[in-house]
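Structure file run.txt; described as compact mmCIF, C-alpha atoms.
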# COMPACT_ATOMS: atom_id res chain seq x y z
CA MET C 23 -78.47 -67.77 -14.65
CA THR C 24 -80.88 -67.23 -17.51
CA ARG C 25 -79.84 -67.37 -21.12
CA LEU C 26 -80.46 -63.65 -21.50
CA GLN C 27 -78.27 -62.79 -18.53
CA LEU C 28 -75.43 -64.83 -19.96
CA ILE C 29 -75.98 -63.38 -23.43
CA ARG C 30 -75.91 -59.79 -22.15
CA ARG C 31 -72.85 -60.52 -20.04
CA ILE C 32 -71.02 -61.76 -23.10
CA LEU C 33 -72.22 -58.81 -25.18
CA ARG C 34 -70.89 -56.33 -22.65
CA GLN C 35 -67.53 -58.03 -22.81
CA VAL C 36 -67.45 -58.09 -26.60
CA TYR C 37 -68.53 -54.45 -26.95
CA GLY C 38 -66.67 -53.13 -23.91
CA GLY C 39 -69.90 -51.95 -22.31
CA MET C 40 -73.54 -51.78 -23.31
CA SER C 41 -73.95 -52.63 -26.97
CA SER C 42 -75.46 -49.93 -29.16
CA VAL C 43 -78.94 -50.01 -30.61
CA ASP C 44 -77.66 -50.96 -34.04
CA ALA C 45 -75.23 -53.62 -32.84
CA ASN C 46 -74.60 -56.34 -35.39
CA ILE C 47 -74.14 -58.93 -32.69
CA THR C 48 -77.68 -59.48 -31.46
CA ASP C 49 -79.14 -61.51 -28.62
CA GLY C 50 -80.31 -64.01 -31.24
CA LEU C 51 -76.84 -64.42 -32.66
CA VAL C 52 -75.24 -65.00 -29.26
CA ASN C 53 -78.04 -67.43 -28.42
CA ASN C 54 -77.22 -69.27 -31.62
CA TRP C 55 -73.57 -69.60 -30.62
CA LEU C 56 -74.68 -70.69 -27.17
CA SER C 57 -75.84 -74.06 -28.50
CA ASP C 58 -72.38 -74.72 -29.92
CA SER C 59 -70.66 -73.66 -26.75
CA ILE C 60 -72.85 -75.85 -24.53
CA ALA C 61 -71.98 -78.88 -26.64
CA PHE C 62 -68.33 -77.82 -26.41
CA ALA C 63 -68.61 -77.59 -22.61
CA ALA C 64 -70.36 -80.99 -22.42
CA LYS C 65 -67.57 -82.55 -24.45
CA LYS C 66 -64.98 -81.01 -22.17
CA ASN C 67 -66.88 -82.31 -19.15
CA TYR C 68 -67.00 -85.78 -20.72
CA LEU C 69 -63.25 -85.80 -21.30
CA GLU C 70 -62.36 -84.30 -17.92
CA ASN C 71 -64.53 -86.83 -16.08
CA GLY C 72 -62.62 -89.55 -17.86
CA GLN C 73 -59.34 -88.09 -16.65
CA ILE C 74 -60.57 -87.68 -13.06
CA ASP C 75 -62.75 -90.76 -12.55
CA GLY C 76 -61.42 -93.06 -15.24
CA VAL C 77 -64.91 -93.25 -16.73
CA ASN C 78 -66.19 -90.88 -19.37
CA TYR C 79 -69.62 -89.44 -18.65
CA VAL C 80 -71.47 -86.15 -18.83
CA ASN C 81 -72.49 -84.62 -15.53
CA ASN C 82 -76.17 -84.55 -14.59
CA SER C 83 -76.20 -80.75 -14.64
CA PHE C 84 -76.01 -80.80 -18.42
CA TYR C 85 -79.19 -82.82 -18.82
CA THR C 86 -82.67 -81.50 -19.51
CA THR C 87 -85.93 -83.42 -19.59
CA PHE C 88 -88.32 -82.74 -22.46
CA LYS C 89 -91.87 -84.05 -22.09
CA ASN C 90 -94.92 -84.47 -24.29
CA LEU C 91 -93.01 -85.35 -27.45
CA ALA C 92 -95.39 -86.68 -30.09
CA VAL C 93 -94.90 -90.32 -31.10
CA THR C 94 -95.75 -91.21 -34.69
CA PRO C 95 -95.67 -94.61 -36.41
CA TYR C 96 -92.68 -94.86 -38.73
CA GLU C 97 -92.30 -98.40 -40.03
CA GLN C 98 -93.52 -101.75 -38.78
CA PHE C 99 -92.87 -101.94 -35.05
CA SER C 100 -90.97 -98.67 -35.08
CA TYR C 101 -92.02 -95.20 -34.00
CA GLN C 102 -90.52 -91.79 -34.52
CA LEU C 103 -90.11 -88.88 -32.10
CA THR C 104 -88.71 -85.45 -32.99
CA LEU C 105 -86.16 -84.14 -30.52
CA PRO C 106 -85.84 -80.43 -29.67
CA GLN C 107 -82.27 -80.55 -30.96
CA ILE C 108 -79.75 -83.00 -32.35
CA PRO C 109 -78.13 -84.85 -29.43
CA VAL C 110 -74.45 -84.25 -28.76
CA GLY C 111 -72.21 -86.96 -30.14
CA LEU C 112 -70.59 -88.12 -26.93
CA GLY C 113 -69.99 -91.79 -26.18
CA ASN C 114 -72.38 -94.36 -27.52
CA ASN C 115 -75.56 -92.81 -26.20
CA GLN C 116 -74.55 -89.99 -23.89
CA GLY C 117 -76.50 -87.45 -25.93
CA VAL C 118 -79.86 -88.98 -25.00
CA GLY C 119 -79.83 -90.30 -21.47
CA THR C 120 -83.26 -91.85 -21.12
CA LEU C 121 -86.43 -92.31 -23.10
CA GLN C 122 -89.74 -93.07 -21.42
CA PHE C 123 -93.36 -93.07 -22.50
CA ALA C 124 -96.28 -91.52 -20.64
CA ASP C 125 -100.02 -91.98 -21.04
CA SER C 126 -102.71 -89.38 -20.56
CA ASP C 127 -103.16 -90.42 -16.92
CA GLY C 128 -99.54 -89.64 -16.13
CA ASN C 129 -98.35 -93.23 -15.93
CA ILE C 130 -94.76 -93.50 -17.04
CA SER C 131 -93.04 -96.51 -18.56
CA ASP C 132 -89.68 -97.92 -17.59
CA PRO C 133 -86.81 -96.35 -19.50
CA ALA C 134 -86.30 -97.76 -22.96
CA ILE C 135 -83.04 -99.53 -23.83
CA PRO C 136 -80.60 -97.53 -25.93
CA LEU C 137 -78.92 -99.05 -28.95
CA SER C 138 -75.53 -97.91 -30.13
CA GLU C 139 -74.80 -97.36 -33.80
CA ASN C 140 -73.73 -100.96 -34.58
CA GLN C 141 -76.35 -102.52 -32.30
CA VAL C 142 -79.08 -101.01 -34.48
CA GLY C 143 -78.32 -103.65 -37.08
CA TYR C 144 -77.18 -106.33 -34.66
CA PHE C 145 -80.39 -106.50 -32.64
CA ARG C 146 -82.38 -107.42 -35.78
CA GLY C 147 -80.93 -110.90 -35.59
CA LEU C 148 -82.00 -111.37 -31.99
CA ARG C 149 -85.26 -112.50 -30.54
CA PRO C 150 -87.48 -109.62 -29.41
CA ILE C 151 -87.09 -108.80 -25.74
CA PRO C 152 -90.56 -109.13 -24.23
CA ASN C 153 -92.12 -105.92 -22.94
CA LYS C 154 -88.99 -103.93 -23.62
CA ILE C 155 -88.67 -100.91 -25.87
CA LEU C 156 -85.43 -100.24 -27.71
CA TYR C 157 -84.42 -96.92 -29.19
CA TYR C 158 -81.70 -95.14 -31.11
CA SER C 159 -81.28 -91.62 -32.38
CA GLU C 160 -80.54 -90.34 -35.88
CA GLY C 161 -80.04 -86.63 -36.26
CA THR C 162 -82.95 -84.86 -34.72
CA PHE C 163 -85.12 -88.00 -34.67
CA LEU C 164 -85.45 -90.74 -32.11
CA TYR C 165 -86.66 -94.17 -33.22
CA ALA C 166 -88.38 -96.46 -30.73
CA LEU C 167 -88.61 -100.14 -31.60
CA SER C 168 -91.40 -102.15 -30.03
CA THR C 169 -94.25 -104.48 -30.80
CA LEU C 170 -96.36 -102.36 -28.46
CA GLN C 171 -98.66 -99.69 -29.85
CA LEU C 172 -96.65 -96.62 -28.83
CA ASP C 173 -98.35 -93.81 -30.75
CA GLN C 174 -101.02 -93.49 -28.08
CA TYR C 175 -98.37 -92.24 -25.67
CA THR C 176 -96.09 -89.24 -25.51
CA GLY C 177 -92.34 -89.35 -25.20
CA LYS C 178 -90.28 -88.11 -22.31
CA VAL C 179 -86.62 -87.63 -23.10
CA ARG C 180 -83.67 -86.72 -20.92
CA MET C 181 -80.85 -85.39 -23.02
CA VAL C 182 -77.78 -83.18 -22.91
CA SER C 183 -79.10 -79.72 -23.66
CA GLY C 184 -78.70 -76.19 -22.42
CA GLY C 185 -82.43 -76.01 -21.88
CA ASP C 186 -85.04 -74.24 -23.97
CA ALA C 187 -83.12 -72.29 -26.61
CA THR C 188 -86.31 -70.54 -27.75
CA ASP C 189 -86.93 -68.95 -24.35
CA LEU C 190 -84.22 -66.47 -23.43
CA ASN C 191 -85.63 -66.19 -19.92
CA SER C 192 -85.14 -69.90 -19.24
CA ILE C 193 -82.41 -71.09 -16.93
CA ILE C 194 -79.36 -72.30 -18.79
CA ASN C 195 -78.65 -75.92 -17.89
CA VAL C 196 -74.91 -75.84 -17.52
CA PRO C 197 -72.95 -76.21 -14.28
CA PRO C 198 -71.41 -72.87 -13.30
CA ASP C 199 -67.88 -74.27 -13.39
CA TYR C 200 -68.28 -74.52 -17.16
CA PHE C 201 -69.51 -70.93 -17.69
CA PRO C 202 -65.94 -69.68 -18.17
CA ASP C 203 -65.49 -72.19 -21.01
CA ILE C 204 -68.73 -71.12 -22.62
CA THR C 205 -67.88 -67.45 -22.29
CA GLU C 206 -64.40 -67.94 -23.66
CA TYR C 207 -65.65 -69.95 -26.62
CA ILE C 208 -68.35 -67.46 -27.64
CA SER C 209 -66.23 -64.37 -26.97
CA LYS C 210 -63.57 -65.79 -29.23
CA GLN C 211 -66.04 -66.31 -32.08
CA LEU C 212 -67.69 -62.93 -31.68
CA SER C 213 -64.40 -61.09 -31.30
CA PHE C 214 -63.32 -62.74 -34.53
CA GLU C 215 -66.44 -61.38 -36.20
CA ARG C 216 -65.85 -57.90 -34.82
CA ALA C 217 -62.23 -57.92 -35.89
CA GLN C 218 -63.07 -58.45 -39.56
CA GLN C 219 -62.47 -55.43 -41.75
CA LYS C 220 -65.79 -53.99 -42.84
CA THR C 221 -66.30 -52.21 -46.11
CA PRO C 222 -69.36 -49.99 -45.74
CA THR C 223 -70.08 -49.86 -49.45
CA ASP C 224 -72.62 -51.30 -51.84
CA ASP C 225 -70.52 -51.07 -54.97
CA GLY C 226 -70.12 -54.79 -55.48
CA SER C 227 -67.17 -55.31 -53.18
CA ASP C 228 -67.38 -58.50 -51.15
CA SER C 229 -68.54 -57.07 -47.83
CA MET B 11 -80.81 -15.94 -24.14
CA THR B 12 -82.77 -13.61 -26.40
CA VAL B 13 -82.18 -12.93 -30.06
CA ASP B 14 -81.80 -9.25 -29.15
CA PHE B 15 -78.78 -10.09 -27.00
CA LEU B 16 -77.21 -11.94 -29.93
CA TYR B 17 -77.93 -9.04 -32.24
CA ARG B 18 -76.38 -6.52 -29.86
CA LEU B 19 -73.36 -8.77 -29.27
CA ILE B 20 -72.68 -9.17 -32.98
CA GLN B 21 -73.18 -5.45 -33.53
CA TYR B 22 -70.75 -4.73 -30.72
CA VAL B 23 -68.02 -7.01 -32.09
CA ALA B 24 -68.43 -5.72 -35.64
CA ASN B 25 -68.32 -2.09 -34.48
CA GLN B 26 -65.45 -2.81 -32.11
CA PHE B 27 -63.35 -3.56 -35.13
CA GLN B 28 -64.70 -0.40 -36.81
CA ARG B 29 -66.18 -2.41 -39.64
CA GLY B 30 -69.68 -1.10 -39.77
CA ASN B 31 -73.26 -1.81 -38.90
CA ILE B 32 -75.16 -5.10 -39.36
CA GLY B 33 -78.76 -4.44 -40.39
CA PRO B 34 -81.67 -6.57 -39.11
CA ALA B 35 -82.21 -8.29 -42.46
CA ARG B 36 -78.53 -9.24 -42.73
CA PHE B 37 -78.47 -10.34 -39.13
CA ASN B 38 -81.51 -12.57 -39.62
CA LEU B 39 -79.86 -14.08 -42.69
CA ILE B 40 -76.55 -14.94 -41.05
CA ILE B 41 -77.90 -15.96 -37.66
CA GLU B 42 -80.10 -18.60 -39.28
CA GLN B 43 -77.14 -19.96 -41.22
CA ALA B 44 -75.19 -20.04 -37.98
CA ASN B 45 -78.12 -21.78 -36.32
CA ILE B 46 -78.09 -24.59 -38.90
CA SER B 47 -74.29 -24.72 -38.95
CA PHE B 48 -74.20 -25.33 -35.21
CA LEU B 49 -76.84 -28.06 -35.56
CA ASP B 50 -74.71 -29.71 -38.23
CA TYR B 51 -71.70 -29.52 -35.94
CA LEU B 52 -73.57 -31.21 -33.08
CA LEU B 53 -75.06 -33.91 -35.29
CA GLY B 54 -71.60 -34.79 -36.59
CA GLN B 55 -70.00 -33.37 -39.69
CA LEU B 56 -69.43 -35.80 -42.51
CA GLN B 57 -66.19 -34.03 -43.47
CA GLN B 58 -64.62 -35.31 -40.27
CA TYR B 59 -65.24 -38.97 -41.11
CA SER B 60 -62.19 -41.06 -41.77
CA TYR B 61 -62.02 -44.30 -43.72
CA GLY B 62 -63.13 -47.24 -41.62
CA SER B 63 -64.36 -44.96 -38.86
CA PRO B 64 -67.52 -43.16 -39.88
CA ALA B 65 -67.70 -40.91 -36.83
CA SER B 66 -66.96 -37.26 -36.18
CA ARG B 67 -64.90 -35.80 -33.38
CA VAL B 68 -68.05 -34.22 -31.99
CA GLN B 69 -71.16 -36.16 -32.80
CA PHE B 70 -74.69 -36.66 -31.60
CA GLY B 71 -74.71 -39.35 -28.93
CA VAL B 72 -70.93 -39.46 -28.49
CA ASN B 73 -71.46 -38.71 -24.81
CA GLU B 74 -73.97 -37.16 -22.44
CA THR B 75 -72.53 -33.66 -22.87
CA ALA B 76 -72.98 -33.69 -26.64
CA ARG B 77 -76.46 -35.12 -26.25
CA GLN B 78 -77.42 -32.60 -23.60
CA ARG B 79 -76.69 -29.77 -26.00
CA LEU B 80 -79.20 -31.17 -28.48
CA THR B 81 -81.92 -31.94 -25.95
CA PRO B 82 -83.80 -28.70 -26.68
CA LEU B 83 -84.47 -30.32 -30.06
CA ILE B 84 -85.52 -33.75 -28.76
CA ASP B 85 -89.16 -34.02 -27.72
CA PRO B 86 -90.73 -37.11 -26.09
CA VAL B 87 -91.24 -40.07 -28.44
CA ILE B 88 -94.08 -39.96 -30.92
CA ALA B 89 -96.08 -42.83 -32.44
CA LEU B 90 -95.67 -43.23 -36.19
CA THR B 91 -98.54 -43.99 -38.54
CA ILE B 92 -97.46 -46.84 -40.79
CA ASP B 93 -99.40 -47.88 -43.90
CA GLY B 94 -99.76 -51.39 -45.32
CA THR B 95 -96.57 -51.05 -47.34
CA GLY B 96 -94.63 -50.28 -44.18
CA LEU B 97 -94.15 -46.59 -45.00
CA ALA B 98 -94.34 -43.92 -42.32
CA PRO B 99 -93.74 -40.31 -43.40
CA TYR B 100 -91.11 -38.24 -41.61
CA PRO B 101 -92.45 -35.76 -39.08
CA ASP B 102 -92.61 -32.22 -40.51
CA ASP B 103 -89.73 -30.95 -38.39
CA PHE B 104 -87.67 -34.14 -38.69
CA GLN B 105 -83.90 -33.80 -38.78
CA GLN B 106 -82.37 -37.08 -37.61
CA VAL B 107 -83.38 -40.33 -35.92
CA ASP B 108 -82.50 -40.60 -32.27
CA ALA B 109 -84.02 -44.05 -31.65
CA MET B 110 -86.80 -46.19 -33.06
CA TYR B 111 -88.77 -48.47 -30.79
CA ALA B 112 -91.40 -51.20 -30.93
CA GLY B 113 -92.58 -51.22 -27.33
CA ILE B 114 -89.40 -51.42 -25.30
CA ASN B 115 -87.56 -53.27 -28.04
CA ARG B 116 -85.54 -51.60 -30.69
CA ILE B 117 -86.18 -51.41 -34.40
CA ARG B 118 -82.91 -51.53 -36.21
CA PHE B 119 -81.83 -49.33 -39.11
CA VAL B 120 -80.65 -51.38 -42.05
CA PRO B 121 -78.65 -50.08 -45.00
CA GLN B 122 -80.56 -50.57 -48.23
CA HIS B 123 -78.00 -52.84 -49.89
CA LYS B 124 -78.17 -55.29 -46.99
CA LEU B 125 -81.96 -55.35 -46.85
CA PRO B 126 -82.39 -58.77 -48.55
CA SER B 127 -79.82 -60.29 -46.18
CA TYR B 128 -81.68 -58.99 -43.16
CA ARG B 129 -85.09 -60.01 -44.50
CA THR B 130 -83.97 -63.59 -45.03
CA ASP B 131 -81.89 -63.88 -41.87
CA PRO B 132 -82.93 -67.05 -39.98
CA ILE B 133 -81.15 -65.99 -36.78
CA ASP B 134 -82.97 -62.68 -36.29
CA PRO B 135 -86.08 -63.01 -38.49
CA VAL B 136 -87.72 -59.66 -39.25
CA ALA B 137 -91.08 -61.00 -38.06
CA THR B 138 -89.77 -60.83 -34.52
CA ASN B 139 -86.89 -58.40 -35.08
CA PRO B 140 -88.36 -55.54 -37.12
CA ILE B 141 -86.11 -53.28 -39.18
CA TYR B 142 -86.44 -50.07 -41.16
CA ILE B 143 -84.75 -48.39 -44.06
CA LEU B 144 -84.71 -44.72 -45.04
CA GLU B 145 -86.47 -43.49 -48.18
CA SER B 146 -87.30 -40.05 -49.53
CA GLY B 147 -90.92 -40.46 -48.41
CA GLY B 148 -90.13 -41.62 -44.90
CA PHE B 149 -89.26 -44.75 -42.98
CA ARG B 150 -90.01 -48.12 -44.61
CA PHE B 151 -90.61 -50.88 -42.05
CA TYR B 152 -90.23 -54.62 -42.36
CA PRO B 153 -92.19 -56.75 -41.79
CA ASN B 154 -95.13 -55.12 -43.57
CA LEU B 155 -98.39 -56.42 -44.96
CA THR B 156 -97.49 -55.95 -48.62
CA ASP B 157 -94.11 -57.69 -48.62
CA ASP B 158 -94.33 -60.09 -45.71
CA GLY B 159 -98.04 -60.51 -45.01
CA ILE B 160 -97.36 -59.45 -41.44
CA ALA B 161 -98.44 -56.12 -40.00
CA SER B 162 -95.64 -53.68 -39.22
CA PRO B 163 -94.83 -53.06 -35.58
CA VAL B 164 -96.34 -50.16 -33.67
CA ALA B 165 -93.31 -47.91 -33.97
CA THR B 166 -92.43 -44.97 -31.78
CA LEU B 167 -89.76 -42.51 -32.78
CA SER B 168 -87.44 -40.27 -30.85
CA TYR B 169 -85.86 -37.73 -33.18
CA VAL B 170 -83.90 -34.52 -33.43
CA LYS B 171 -86.13 -31.80 -34.78
CA THR B 172 -85.17 -28.78 -36.83
CA PRO B 173 -84.43 -25.77 -34.63
CA PRO B 174 -86.89 -22.90 -35.01
CA THR B 175 -85.68 -20.05 -37.22
CA ILE B 176 -83.98 -17.38 -35.12
CA PHE B 177 -85.54 -14.03 -35.98
CA TRP B 178 -84.90 -10.52 -34.73
CA GLY B 179 -88.29 -8.81 -35.16
CA SER B 180 -88.66 -5.05 -35.03
CA THR B 181 -91.09 -2.20 -35.35
CA PRO B 182 -90.00 1.21 -36.72
CA ASP B 183 -89.83 4.14 -34.34
CA ALA B 184 -90.83 7.71 -35.20
CA GLN B 185 -87.68 8.16 -37.28
CA GLY B 186 -88.14 4.83 -39.04
CA ARG B 187 -85.35 3.12 -37.12
CA PRO B 188 -86.01 -0.54 -36.22
CA VAL B 189 -86.75 -1.13 -32.55
CA TYR B 190 -86.58 -4.63 -31.10
CA ASN B 191 -90.01 -6.24 -30.83
CA PRO B 192 -89.93 -9.33 -28.56
CA ALA B 193 -93.43 -10.36 -29.59
CA GLY B 194 -92.42 -10.55 -33.24
CA SER B 195 -89.12 -12.25 -32.59
CA THR B 196 -88.00 -15.86 -32.17
CA ASP B 197 -85.26 -16.52 -29.63
CA PRO B 198 -82.66 -19.24 -30.14
CA ILE B 199 -83.69 -22.57 -28.67
CA TRP B 200 -80.16 -23.44 -27.52
CA TYR B 201 -78.77 -23.28 -24.03
CA PRO B 202 -77.04 -19.94 -23.22
CA THR B 203 -73.56 -21.44 -23.51
CA ASP B 204 -74.40 -22.71 -26.97
CA CYS B 205 -75.91 -19.42 -28.09
CA LEU B 206 -72.37 -18.07 -28.05
CA GLU B 207 -71.37 -20.88 -30.41
CA VAL B 208 -74.10 -19.75 -32.78
CA ALA B 209 -72.97 -16.14 -32.42
CA SER B 210 -69.39 -17.14 -33.22
CA ARG B 211 -70.47 -18.77 -36.44
CA ALA B 212 -72.48 -15.71 -37.34
CA LEU B 213 -69.49 -13.50 -36.61
CA LYS B 214 -67.34 -15.55 -38.96
CA MET B 215 -69.77 -14.77 -41.76
CA VAL B 216 -69.76 -11.11 -40.75
CA GLY B 217 -65.97 -11.14 -40.97
CA VAL B 218 -66.05 -12.61 -44.46
CA ASN B 219 -68.74 -10.19 -45.56
CA LEU B 220 -66.87 -7.16 -44.27
CA SER B 221 -63.47 -8.50 -45.35
CA ALA B 222 -62.43 -8.19 -41.74
CA PRO B 223 -59.85 -10.84 -40.88
CA GLU B 224 -59.81 -9.69 -37.25
CA ILE B 225 -63.45 -10.66 -36.83
CA SER B 226 -62.93 -13.99 -38.61
CA GLN B 227 -59.92 -14.79 -36.46
CA TYR B 228 -61.79 -13.83 -33.32
CA ALA B 229 -64.71 -16.08 -34.34
CA ASP B 230 -62.36 -18.90 -35.31
CA GLY B 231 -60.67 -18.69 -31.95
CA ILE B 232 -63.97 -19.09 -30.16
CA ILE B 233 -65.15 -21.95 -32.39
CA LYS B 234 -61.93 -23.94 -32.15
CA GLN B 235 -60.74 -23.16 -28.64
CA GLY B 236 -63.95 -22.32 -26.81
CA GLN B 237 -65.15 -19.09 -25.33

Encoded form (structure tokens):
Amino acid sequence: MTRLQLIRRILRQVYGGMSSVDANITDGLVNNWLSDSIAFAAKKNYLENGQIDGVNYVNNSFYTTFKNLAVTPYEQFSYQLTLPQIPVGLGNNQGVGTLQFADSDGNISDPAIPLSENQVGYFRGLRPIPNKILYYSEGTFLYALSTLQLDQYTGKVRMVSGGDATDLNSIINVPPDYFPDITEYISKQLSFERAQQKTPTDDGSDS
Amino acid sequence: MTVDFLYRLIQYVANQFQRGNIGPARFNLIIEQANISFLDYLLGQLQQYSYGSPASRVQFGVNETARQRLTPLIDPVIALTIDGTGLAPYPDDFQQVDAMYAGINRIRFVPQHKLPSYRTDPIDPVATNPIYILESGGFRFYPNLTDDGIASPVATLSYVKTPPTIFWGSTPDAQGRPVYNPAGSTDPIWYPTDCLEVASRALKMVGVNLSAPEISQYADGIIKQGQ
């Protein structure tokens, strides 16, 4: 299902049919809520997997690979990549699954080694691991730590994401068994918006 | 339905109640008022709005039936000419917006007092989600070159136009009596069923003019309960 199909399906539910031309709840607004709801679904998946399997993890269906991310030098032996979105905060590193580097010929490195929040400081006291790249994420940035010259490569990241939020015709990367959760979450938010009393005046009232 | 039929019908009803003759000039005066009154009724009368629900009982676009009645006044979409400030004048016969498009996408109407909120909205930026407001000189579009540095969209408009003035034209006969002249007349643009709605409104004015409550009641009955 594409993002737009899901968005229009939700809109029909919220408006009880086709939304009108001057609808306040636009495709863009629903798309905006979609990011929240995907993270909500991923969290639910993480918790449910823990209950079923005894191990918390996020299912593969939630992951998306983003290629050709620019790598820029940040500090000595560290490089910065900008992610398409802030990773979800599940587990130590569940938000970003893997980080690899590719050269212009298409050669791809082994996956880099993720560092959890406390390991970011801890590893500084250790000897460098030869030929290994370490990484951690902070907000929308990813930091790769290596003595190798990485800025000649591009980054390839596999992370929990609903896909390309800027392209409404892209397939939404969520397993179908979590669509009901997404729909319920967004419908609840949008119904809340619609239920608010509106004052169609411009006389200074808070509307 | 011709204007002559309407004239003869109104004459018949007025004479039926023995209240006198309606001359061509008076007929042309009241039938045009009735013409506009019926348009107002179909577009949605503001008096019927209630607080929190700005919609009339009968209103343009409320369903296909109401829309169908106005279709004689809705021509195919036209392209608007927009200047650098985003202004596009109203068409000469403009009455009300039906829909505003940029290609197959909509252009939303925005109330003036919310314009800054819409123009700075990061979720639906106006650069990709154009909007318009209403001014005395026409439609003002955003984005525009003057305010946003971005050209306004190529806008096409579907609108309800003003109905042509209904006119019973005549030429005098040998005794100077007016004789219906189809070539000099303008027939109502409405569907035949709706012409009777126009006639009813005209009859109400005739009733008031002639102080004939029977005519007013008869017209009221048609307007409120149907033919």

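Counting from CA of Tyr190 (chain B), the distance to CA of Tyr22 (chain B) is 15.8 Å.
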
From CA of Tyr51 (chain B) to CA of Leu83 (chain B) the spacing works out at 14.1 Å

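Distances here use only C-alpha atoms; by that measure, the residue among C:Met40, C:Ser138, C:Ser192, C:Asp49 closest to chain B is C:Asp49.
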
Give me the residues within 9 Å of region 86-97 of chain C as a ChimeraX atom specification, counting all atoms listed in the file and dropping any in the same chain fewer than 2 places off. /C:82-84,99-106,120,123-124,165-166,171-186,195

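Interface residues on chain B toward chain C (cut-off 7 Å, only C-alpha atoms): Arg116, Arg118, Phe119, His123, Ile133 and Asp134 of chain B.
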
What would the list of residues within 7 Å of (-83.5, -3.7, -39.0) (file frame) look like as a CSV table (one decimal) with C-alpha atoms, in the frame of the given file, if only C-alpha atoms are what count?
chain,number,residue,atom,x,y,z
B,33,GLY,CA,-78.8,-4.4,-40.4
B,34,PRO,CA,-81.7,-6.6,-39.1
B,35,ALA,CA,-82.2,-8.3,-42.5
B,180,SER,CA,-88.7,-5.0,-35.0
B,188,PRO,CA,-86.0,-0.5,-36.2

Check: Using all atoms listed in the file, which residues sit within 8 Å of Cys205 (chain B) once same-chain residues fewer than 6 positions away are excluded, as a PyMOL selection string?
Finding: chain B and resi 11+16+198

So that I can check the surroundings of Asn140 (chain C), please list as number ranges by chain every protein, DNA and RNA residue that reaches within 12 Å of it, counting all atoms listed in the file and ignoring chain neighbours fewer than 5 positions away. C: 114-115, 145-146, 158

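Residue nearest Thr166 (chain B) within the list B:Thr130, B:Asn115, B:Ser66, B:Gln57: B:Asn115 [criterion: smallest interatomic distance, all atoms listed in the file].
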
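Taking CA of Ile40 (chain B) and CA of Met215 (chain B) as endpoints, the distance between them is 6.8 Å.
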
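Closest approach to Asp108 (chain B) among B:Ile199, B:Leu53, B:Leu19, B:Ile46 is made by B:Leu53 (distances from all atoms listed in the file).
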
Counting all atoms listed in the file, I want the residues whose atoms come within 9 Å of (-88.6, -52.3, -34.8) in the file frame, returned as JSON, numbers by chain. {"B": [110, 111, 112, 113, 115, 116, 117, 118, 119, 136, 138, 139, 140, 141, 142, 151, 152, 162, 163, 164, 165, 166]}

Please produce an output containing C-alpha atoms for each residue in the selection, written as a PDB file, in the frame of the given file.
ATOM      1  CA  MET B 110     -86.800 -46.190 -33.060  1.00  0.00           C
ATOM      2  CA  TYR B 111     -88.770 -48.470 -30.790  1.00  0.00           C
ATOM      3  CA  ALA B 112     -91.400 -51.200 -30.930  1.00  0.00           C
ATOM      4  CA  GLY B 113     -92.580 -51.220 -27.330  1.00  0.00           C
ATOM      5  CA  ASN B 115     -87.560 -53.270 -28.040  1.00  0.00           C
ATOM      6  CA  ARG B 116     -85.540 -51.600 -30.690  1.00  0.00           C
ATOM      7  CA  ILE B 117     -86.180 -51.410 -34.400  1.00  0.00           C
ATOM      8  CA  ARG B 118     -82.910 -51.530 -36.210  1.00  0.00           C
ATOM      9  CA  PHE B 119     -81.830 -49.330 -39.110  1.00  0.00           C
ATOM     10  CA  VAL B 136     -87.720 -59.660 -39.250  1.00  0.00           C
ATOM     11  CA  THR B 138     -89.770 -60.830 -34.520  1.00  0.00           C
ATOM     12  CA  ASN B 139     -86.890 -58.400 -35.080  1.00  0.00           C
ATOM     13  CA  PRO B 140     -88.360 -55.540 -37.120  1.00  0.00           C
ATOM     14  CA  ILE B 141     -86.110 -53.280 -39.180  1.00  0.00           C
ATOM     15  CA  TYR B 142     -86.440 -50.070 -41.160  1.00  0.00           C
ATOM     16  CA  PHE B 151     -90.610 -50.880 -42.050  1.00  0.00           C
ATOM     17  CA  TYR B 152     -90.230 -54.620 -42.360  1.00  0.00           C
ATOM     18  CA  SER B 162     -95.640 -53.680 -39.220  1.00  0.00           C
ATOM     19  CA  PRO B 163     -94.830 -53.060 -35.580  1.00  0.00           C
ATOM     20  CA  VAL B 164     -96.340 -50.160 -33.670  1.00  0.00           C
ATOM     21  CA  ALA B 165     -93.310 -47.910 -33.970  1.00  0.00           C
ATOM     22  CA  THR B 166     -92.430 -44.970 -31.780  1.00  0.00           C
TER      23      THR B 166
END

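Counting all atoms listed in the file, the residue from C:Ile60, C:Ile29, C:Ile204, C:Leu170 that sits nearest to Val110 (chain C) is C:Ile60.
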
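Taking all atoms listed in the file into account, Phe70 (chain B) lies nearest to B:Gln106 out of the set B:Ser127, B:Asn38, B:Gln106, B:Gln58.
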
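Of the listed residues C:Ala64, C:Gln218, C:Leu148, C:Ala187, the one whose atoms come nearest to Asp199 (chain C) is C:Ala64, with distances taken using all atoms listed in the file.
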
Padding 4 Å on each side, edges along x, y and z: where is the centre of the box around the listed atoms of region 79-92 of chain C, and how long are its edges in Å to one decimal? Output it as JSON.
{"center_x": -82.5, "center_y": -85.1, "center_z": -22.3, "size_x": 33.8, "size_y": 16.7, "size_z": 23.5}
